[in-house]
Amino acid sequence: MSTHTTEPTGSSEPAEGAERHGGLPLAVLLALATAVFVTSLTETLPAGVLPAMSADLGVGESAMGQSVTVYAIGTAVTAIPLSAATAGWRRKRLLLTAMAGFAAANTVTAVSTDYSLTMAARFVAGVAAGLAWALLAGYARRLAPAHLQGRAIAIVMTGIPVALSLGVPAGTFLGEVLGWRVTFTLMTVLAVALLGWIAAGVPDQPGQRRGAAGRIPVLRVLTVPGVTPVLFVTLVFVLAHTILYTYIATFLDGLGMGGSTDLVLLVFGVASLAGIWFVGARIDRRLRALTLASALLVAVSAALLAVPADSPALVYAAVALWGLGWGGAPTLLQTAVTDAGGDSADAAQAALVTLWNAAMAGGGVAGGVLLDHLGTGSLPWSVLLLLIPVVVVVALGQGFPAGGER
């Protein structure tokens with residue numbers, strides 16, 4: 001998954017003619033949220049249909065899990081150069097280009113019978129995600145007044161938990177009933193419909209001017225106080241989450257719950273929706289406390305899953321805590337790095353998109369290695385160990401201000 005922007009952050013004028021709700025252009029933000037939904041579902045859908053994809057393409061499940069890894073690599077290696085190359089593009093043109101990329105990549109994935117071709121399509125989808133994440137959250141910030149920018153991002157980021165709560169379970173169910181290829185075909189249909197929505201209903205915005213103030217080299221932004229701790233937390237938190245989530249279907253198989261993957265993912269996603277709703281209502285006042293709670297909830301979930309127990313109820317409870325903790329994490333980390341970056345927020349966000357997807361790629365690889373050598377039981381233990389430094393860094397506070405410090 002990915003949540004980042006290289007949009008300029010100075011403008012906060014709402015879109016003209018947009019439907020307003022509490023000072024926010026709700027209809028436009030919902031269109032952007034749907035774009036987030038498409039990117040998130042394309043990224044995570046293999047987790048729900050991994051055994052079927054593996055069997056159909058004739059490769060092992062750890063090899064098929066690299067379809068998530070290669071997607072993340074596509075985003076990580078292209079986000080910064082593509083963001084720089086397209087900085088001057090009109091925003092609607094760039095968003096339409098990204099969504100067209102998803103339509104093409106999901107079409108190829110749906111019809112491919114060759115593992116290498118499927119992986120190439122997944123890489124292209126990751127490149128499209130790099131384009132999309134380079135502007136989506138920034139779009140949201142520019143459409144909202146300054147005191148509601150965190151809430152605007154939270155609305156757009158609801159696309160992530162909706163993808164997890166509805167998209168992945170529905171895709172998993174359809175994959176079991178009609179075949180996994182149907183799910184990717186429907187993703188193409190959704191992307192095409194979204195192209196029409198964006199073209200008709202999303203106002204255009206200019207790109208960045210060459211030499212715009214605040215644009216500094218990405219490496220130099222690491223010297224800005226607070227940025228490096230946020231990037232560290234992002235890298236390790238996303239790595240921990242991805243190690244287990246990529247192989248959740250295989251993990252459940254090991255517990256004898258393989259037939260309940262869609263229901264488990266539904267519980268995770270519904271809890272994620274609750275998490276992002278809670279975060280969205282409080283993020284502008286309680287950034288540090290919310291981030292700390294997010295990491296602790298995921299850690300408790302991992303601890304519960306790590307303990308051998310023949311109890312589906314315990315698994316569902318643990319997954320609910322996981323979703324509750326993870327749901328608001330993308331919004332929290334994006335807001336934290338934007339606040340810490342200040343005038344250099346665009347460079348800080350470019351660093352975030354790269355590290356986020358590097359962590360996703362690393363999670364897919366690390367999870368596959370753990371699966372092959374230590375079995376499914378090692379996955380939650382790795383999550384728990386990785387979250388220890390995350391909790392420590394957030395608790396120390398640099399980059400994660402407490403209430404009243406923003």
# chains A, B, ... in the order shown; residues from 1 in each chain; ligands from 1

$ residues_around --residues "range 304-314 of chain A" --least-positions-apart "3" --cutoff "10 Å" --atoms "only C-alpha atoms" --output "VMD selection string"
chain A and resid 251 to 252 255 to 257 260 264 298 to 301 317 to 321 376 to 384

$ closest_residue --among "A:Val108, A:Gly58, A:Arg285, A:Gly101" --to "Leu148 in chain A" --atoms "only C-alpha atoms"
A:Arg285

$ residues_around --residues "Gly325 in chain A" --least-positions-apart "5" --cutoff "12 Å" --atoms "only C-alpha atoms" --output "JSON, numbers by chain"
{"A": [161, 237, 241, 268, 269, 270, 271, 272, 273, 274, 275, 276, 277, 278, 279, 290, 291, 292, 293, 294, 295, 296, 297, 298, 299, 300, 301, 302, 318, 319, 320, 330, 331, 332]}

$ residues_around --residues "Ala35 in chain A" --least-positions-apart "2" --cutoff "10 Å" --atoms "only C-alpha atoms" --output "list of chain:residue names"
A:Leu29, A:Leu30, A:Ala31, A:Leu32, A:Ala33, A:Phe37, A:Val38, A:Thr39, A:Ser40, A:Leu41, A:Leu95, A:Leu96, A:Ala98, A:Met99, A:Ala129, A:Ala132, A:Trp133, A:Leu136, A:Val156, A:Met157, A:Gly159, A:Ile160, A:Leu190, A:Ala191, A:Leu194, A:Leu195, A:Ile198

$ write_last_selection --atoms "C-alpha atoms" --output "mmCIF file, in the first residue's frame"
data_model
loop_
_atom_site.group_PDB
_atom_site.id
_atom_site.type_symbol
_atom_site.label_atom_id
_atom_site.label_comp_id
_atom_site.auth_asym_id
_atom_site.auth_seq_id
_atom_site.Cartn_x
_atom_site.Cartn_y
_atom_site.Cartn_z
ATOM 1 C CA LEU A 29 -12.790 14.231 -2.400
ATOM 2 C CA LEU A 30 -14.905 11.105 -2.916
ATOM 3 C CA ALA A 31 -13.675 10.847 -6.502
ATOM 4 C CA LEU A 32 -10.109 10.998 -5.218
ATOM 5 C CA ALA A 33 -11.001 8.430 -2.552
ATOM 6 C CA PHE A 37 -9.506 2.538 -3.640
ATOM 7 C CA VAL A 38 -8.389 1.424 -7.113
ATOM 8 C CA THR A 39 -4.703 1.753 -6.295
ATOM 9 C CA SER A 40 -5.062 -0.011 -2.926
ATOM 10 C CA LEU A 41 -7.201 -2.861 -4.223
ATOM 11 C CA LEU A 95 -4.458 11.478 -12.609
ATOM 12 C CA LEU A 96 -6.193 10.291 -15.796
ATOM 13 C CA ALA A 98 -2.381 6.963 -13.830
ATOM 14 C CA MET A 99 -5.896 5.480 -13.867
ATOM 15 C CA ALA A 129 0.549 3.894 -8.426
ATOM 16 C CA ALA A 132 -1.228 8.490 -8.490
ATOM 17 C CA TRP A 133 0.336 8.763 -5.048
ATOM 18 C CA LEU A 136 -3.694 12.377 -4.575
ATOM 19 C CA VAL A 156 -9.476 10.573 0.529
ATOM 20 C CA MET A 157 -7.614 7.836 2.412
ATOM 21 C CA GLY A 159 -10.266 4.390 -0.127
ATOM 22 C CA ILE A 160 -7.686 2.196 1.628
ATOM 23 C CA LEU A 190 -13.924 0.068 -12.285
ATOM 24 C CA ALA A 191 -10.849 1.954 -13.515
ATOM 25 C CA LEU A 194 -13.444 6.176 -12.712
ATOM 26 C CA LEU A 195 -11.788 7.739 -15.756
ATOM 27 C CA ILE A 198 -12.621 12.186 -13.025
#

$ select_by_dssp --residues "range 107-179 of chain A" --states "helix (DSSP H, G or I)" --output "ChimeraX atom specification"
/A:107-111,115-133,136-142,146-157,159-177

$ closest_residue --among "A:Gly342, A:Gly48, A:Gly88, A:Gly327" --to "Gly167 in chain A" --atoms "only C-alpha atoms"
A:Gly48

$ atom_distance --atom1 "CA of Asp372 in chain A" --atom2 "CA of Tyr245 in chain A"
16.0 Å

$ closest_atom_pairs --of "range 88-204 of chain A" --to "range 72-80 of chain A" --cutoff "6 Å" --atoms "only C-alpha atoms" --output "tab-separated table"
residue	atom	partner	partner_atom	distance
A:Phe123	CA	A:Gly74	CA	4.9
A:Gly126	CA	A:Gly74	CA	4.4
A:Val127	CA	A:Gly74	CA	4.9
A:Gly130	CA	A:Thr75	CA	4.5

$ decode --residues "range 70-211 of chain A" --atoms "C-alpha atoms" --output "PDB file, in the first residue's frame"
ATOM      1  CA  VAL A  70       7.113  -6.193  -7.772  1.00  0.00           C
ATOM      2  CA  TYR A  71       4.176  -3.774  -7.611  1.00  0.00           C
ATOM      3  CA  ALA A  72       5.842  -2.006  -4.691  1.00  0.00           C
ATOM      4  CA  ILE A  73       9.189  -1.970  -6.504  1.00  0.00           C
ATOM      5  CA  GLY A  74       7.514  -0.360  -9.519  1.00  0.00           C
ATOM      6  CA  THR A  75       6.290   2.442  -7.286  1.00  0.00           C
ATOM      7  CA  ALA A  76       9.449   2.788  -5.204  1.00  0.00           C
ATOM      8  CA  VAL A  77      11.912   3.096  -8.089  1.00  0.00           C
ATOM      9  CA  THR A  78       9.805   5.405 -10.232  1.00  0.00           C
ATOM     10  CA  ALA A  79       7.948   7.661  -7.780  1.00  0.00           C
ATOM     11  CA  ILE A  80      10.656  10.302  -7.358  1.00  0.00           C
ATOM     12  CA  PRO A  81      11.841  10.502 -11.000  1.00  0.00           C
ATOM     13  CA  LEU A  82       8.286  10.413 -12.358  1.00  0.00           C
ATOM     14  CA  SER A  83       7.145  13.007  -9.847  1.00  0.00           C
ATOM     15  CA  ALA A  84       9.971  15.286 -10.945  1.00  0.00           C
ATOM     16  CA  ALA A  85       9.362  14.644 -14.633  1.00  0.00           C
ATOM     17  CA  THR A  86       5.623  15.353 -14.387  1.00  0.00           C
ATOM     18  CA  ALA A  87       5.741  18.136 -11.795  1.00  0.00           C
ATOM     19  CA  GLY A  88       4.604  20.688 -14.372  1.00  0.00           C
ATOM     20  CA  TRP A  89       1.717  18.583 -15.722  1.00  0.00           C
ATOM     21  CA  ARG A  90      -1.851  19.627 -15.088  1.00  0.00           C
ATOM     22  CA  ARG A  91      -3.137  17.488 -12.232  1.00  0.00           C
ATOM     23  CA  LYS A  92      -6.203  16.071 -13.981  1.00  0.00           C
ATOM     24  CA  ARG A  93      -4.120  14.960 -16.943  1.00  0.00           C
ATOM     25  CA  LEU A  94      -1.703  13.189 -14.605  1.00  0.00           C
ATOM     26  CA  LEU A  95      -4.458  11.478 -12.609  1.00  0.00           C
ATOM     27  CA  LEU A  96      -6.193  10.291 -15.796  1.00  0.00           C
ATOM     28  CA  THR A  97      -2.893   8.896 -17.059  1.00  0.00           C
ATOM     29  CA  ALA A  98      -2.381   6.963 -13.830  1.00  0.00           C
ATOM     30  CA  MET A  99      -5.896   5.480 -13.867  1.00  0.00           C
ATOM     31  CA  ALA A 100      -5.469   4.452 -17.512  1.00  0.00           C
ATOM     32  CA  GLY A 101      -2.294   2.649 -16.453  1.00  0.00           C
ATOM     33  CA  PHE A 102      -4.265   0.667 -13.878  1.00  0.00           C
ATOM     34  CA  ALA A 103      -6.875  -0.286 -16.458  1.00  0.00           C
ATOM     35  CA  ALA A 104      -4.203  -1.582 -18.829  1.00  0.00           C
ATOM     36  CA  ALA A 105      -2.198  -3.434 -16.160  1.00  0.00           C
ATOM     37  CA  ASN A 106      -5.238  -5.166 -14.637  1.00  0.00           C
ATOM     38  CA  THR A 107      -6.421  -6.225 -18.082  1.00  0.00           C
ATOM     39  CA  VAL A 108      -3.097  -7.922 -18.797  1.00  0.00           C
ATOM     40  CA  THR A 109      -3.104  -9.553 -15.350  1.00  0.00           C
ATOM     41  CA  ALA A 110      -6.601 -10.915 -15.964  1.00  0.00           C
ATOM     42  CA  VAL A 111      -5.749 -12.584 -19.283  1.00  0.00           C
ATOM     43  CA  SER A 112      -2.111 -13.594 -18.750  1.00  0.00           C
ATOM     44  CA  THR A 113      -1.239 -17.280 -18.462  1.00  0.00           C
ATOM     45  CA  ASP A 114       2.492 -16.607 -18.054  1.00  0.00           C
ATOM     46  CA  TYR A 115       4.065 -15.801 -14.684  1.00  0.00           C
ATOM     47  CA  SER A 116       6.651 -13.430 -16.160  1.00  0.00           C
ATOM     48  CA  LEU A 117       4.024 -11.458 -18.097  1.00  0.00           C
ATOM     49  CA  THR A 118       1.863 -11.248 -14.984  1.00  0.00           C
ATOM     50  CA  MET A 119       4.783  -9.884 -13.000  1.00  0.00           C
ATOM     51  CA  ALA A 120       5.517  -7.319 -15.730  1.00  0.00           C
ATOM     52  CA  ALA A 121       1.891  -6.163 -15.587  1.00  0.00           C
ATOM     53  CA  ARG A 122       2.123  -5.863 -11.831  1.00  0.00           C
ATOM     54  CA  PHE A 123       5.249  -3.718 -12.204  1.00  0.00           C
ATOM     55  CA  VAL A 124       3.385  -1.407 -14.597  1.00  0.00           C
ATOM     56  CA  ALA A 125       0.544  -1.160 -12.074  1.00  0.00           C
ATOM     57  CA  GLY A 126       3.118  -0.124  -9.484  1.00  0.00           C
ATOM     58  CA  VAL A 127       4.414   2.600 -11.800  1.00  0.00           C
ATOM     59  CA  ALA A 128       0.843   3.864 -12.215  1.00  0.00           C
ATOM     60  CA  ALA A 129       0.549   3.894  -8.426  1.00  0.00           C
ATOM     61  CA  GLY A 130       3.679   6.033  -8.226  1.00  0.00           C
ATOM     62  CA  LEU A 131       2.011   8.596 -10.466  1.00  0.00           C
ATOM     63  CA  ALA A 132      -1.228   8.490  -8.490  1.00  0.00           C
ATOM     64  CA  TRP A 133       0.336   8.763  -5.048  1.00  0.00           C
ATOM     65  CA  ALA A 134       2.441  11.674  -6.263  1.00  0.00           C
ATOM     66  CA  LEU A 135      -0.668  13.853  -6.368  1.00  0.00           C
ATOM     67  CA  LEU A 136      -3.694  12.377  -4.575  1.00  0.00           C
ATOM     68  CA  ALA A 137      -3.098  13.540  -1.012  1.00  0.00           C
ATOM     69  CA  GLY A 138      -1.741  16.861  -2.227  1.00  0.00           C
ATOM     70  CA  TYR A 139      -4.905  17.342  -4.249  1.00  0.00           C
ATOM     71  CA  ALA A 140      -6.887  16.808  -1.050  1.00  0.00           C
ATOM     72  CA  ARG A 141      -4.825  19.353   0.882  1.00  0.00           C
ATOM     73  CA  ARG A 142      -5.231  21.992  -1.823  1.00  0.00           C
ATOM     74  CA  LEU A 143      -9.010  21.505  -1.859  1.00  0.00           C
ATOM     75  CA  ALA A 144      -9.396  22.158   1.867  1.00  0.00           C
ATOM     76  CA  PRO A 145      -8.936  25.138   4.183  1.00  0.00           C
ATOM     77  CA  ALA A 146      -5.813  24.892   6.339  1.00  0.00           C
ATOM     78  CA  HIS A 147      -7.622  23.832   9.516  1.00  0.00           C
ATOM     79  CA  LEU A 148      -9.351  20.927   7.710  1.00  0.00           C
ATOM     80  CA  GLN A 149      -6.482  19.597   5.613  1.00  0.00           C
ATOM     81  CA  GLY A 150      -5.942  16.579   7.864  1.00  0.00           C
ATOM     82  CA  ARG A 151      -9.625  15.721   7.594  1.00  0.00           C
ATOM     83  CA  ALA A 152      -9.555  16.108   3.805  1.00  0.00           C
ATOM     84  CA  ILE A 153      -6.682  13.634   3.585  1.00  0.00           C
ATOM     85  CA  ALA A 154      -8.570  11.270   5.905  1.00  0.00           C
ATOM     86  CA  ILE A 155     -11.599  11.347   3.574  1.00  0.00           C
ATOM     87  CA  VAL A 156      -9.476  10.573   0.529  1.00  0.00           C
ATOM     88  CA  MET A 157      -7.614   7.836   2.412  1.00  0.00           C
ATOM     89  CA  THR A 158     -10.883   6.051   3.228  1.00  0.00           C
ATOM     90  CA  GLY A 159     -10.266   4.390  -0.127  1.00  0.00           C
ATOM     91  CA  ILE A 160      -7.686   2.196   1.628  1.00  0.00           C
ATOM     92  CA  PRO A 161      -9.890   0.667   4.350  1.00  0.00           C
ATOM     93  CA  VAL A 162     -12.833   0.417   1.933  1.00  0.00           C
ATOM     94  CA  ALA A 163     -10.573  -1.578  -0.389  1.00  0.00           C
ATOM     95  CA  LEU A 164      -9.596  -3.777   2.544  1.00  0.00           C
ATOM     96  CA  SER A 165     -13.082  -4.089   4.064  1.00  0.00           C
ATOM     97  CA  LEU A 166     -15.094  -4.538   0.870  1.00  0.00           C
ATOM     98  CA  GLY A 167     -12.770  -4.888  -2.115  1.00  0.00           C
ATOM     99  CA  VAL A 168     -10.403  -7.633  -0.999  1.00  0.00           C
ATOM    100  CA  PRO A 169     -13.068  -9.815   0.693  1.00  0.00           C
ATOM    101  CA  ALA A 170     -15.373  -9.399  -2.327  1.00  0.00           C
ATOM    102  CA  GLY A 171     -12.492 -10.143  -4.689  1.00  0.00           C
ATOM    103  CA  THR A 172     -11.559 -13.196  -2.616  1.00  0.00           C
ATOM    104  CA  PHE A 173     -15.157 -14.456  -2.690  1.00  0.00           C
ATOM    105  CA  LEU A 174     -15.472 -13.883  -6.444  1.00  0.00           C
ATOM    106  CA  GLY A 175     -12.114 -15.547  -6.944  1.00  0.00           C
ATOM    107  CA  GLU A 176     -13.367 -18.648  -5.145  1.00  0.00           C
ATOM    108  CA  VAL A 177     -16.696 -18.725  -7.011  1.00  0.00           C
ATOM    109  CA  LEU A 178     -15.843 -17.400 -10.500  1.00  0.00           C
ATOM    110  CA  GLY A 179     -12.056 -17.468 -10.612  1.00  0.00           C
ATOM    111  CA  TRP A 180      -9.434 -14.887  -9.704  1.00  0.00           C
ATOM    112  CA  ARG A 181      -9.276 -13.561 -13.269  1.00  0.00           C
ATOM    113  CA  VAL A 182     -12.810 -12.231 -12.929  1.00  0.00           C
ATOM    114  CA  THR A 183     -11.711 -10.050 -10.031  1.00  0.00           C
ATOM    115  CA  PHE A 184      -8.974  -8.391 -12.084  1.00  0.00           C
ATOM    116  CA  THR A 185     -11.361  -7.935 -15.010  1.00  0.00           C
ATOM    117  CA  LEU A 186     -13.767  -6.098 -12.711  1.00  0.00           C
ATOM    118  CA  MET A 187     -10.868  -3.910 -11.577  1.00  0.00           C
ATOM    119  CA  THR A 188     -10.427  -2.834 -15.191  1.00  0.00           C
ATOM    120  CA  VAL A 189     -14.132  -2.006 -15.448  1.00  0.00           C
ATOM    121  CA  LEU A 190     -13.924   0.068 -12.285  1.00  0.00           C
ATOM    122  CA  ALA A 191     -10.849   1.954 -13.515  1.00  0.00           C
ATOM    123  CA  VAL A 192     -12.582   2.806 -16.802  1.00  0.00           C
ATOM    124  CA  ALA A 193     -15.679   4.069 -14.944  1.00  0.00           C
ATOM    125  CA  LEU A 194     -13.444   6.176 -12.712  1.00  0.00           C
ATOM    126  CA  LEU A 195     -11.788   7.739 -15.756  1.00  0.00           C
ATOM    127  CA  GLY A 196     -15.198   9.065 -16.759  1.00  0.00           C
ATOM    128  CA  TRP A 197     -15.931  10.349 -13.249  1.00  0.00           C
ATOM    129  CA  ILE A 198     -12.621  12.186 -13.025  1.00  0.00           C
ATOM    130  CA  ALA A 199     -13.005  13.697 -16.484  1.00  0.00           C
ATOM    131  CA  ALA A 200     -16.502  14.963 -15.724  1.00  0.00           C
ATOM    132  CA  GLY A 201     -16.368  15.884 -12.041  1.00  0.00           C
ATOM    133  CA  VAL A 202     -12.862  16.651 -10.772  1.00  0.00           C
ATOM    134  CA  PRO A 203     -11.628  20.228 -11.249  1.00  0.00           C
ATOM    135  CA  ASP A 204      -8.207  20.660 -12.798  1.00  0.00           C
ATOM    136  CA  GLN A 205      -5.279  22.064 -10.874  1.00  0.00           C
ATOM    137  CA  PRO A 206      -1.984  23.435 -12.188  1.00  0.00           C
ATOM    138  CA  GLY A 207       1.275  21.600 -11.700  1.00  0.00           C
ATOM    139  CA  GLN A 208       4.269  23.001  -9.913  1.00  0.00           C
ATOM    140  CA  ARG A 209       6.129  25.915 -11.397  1.00  0.00           C
ATOM    141  CA  ARG A 210       9.760  25.274 -12.217  1.00  0.00           C
ATOM    142  CA  GLY A 211      11.947  26.497  -9.415  1.00  0.00           C
TER     143      GLY A 211
END
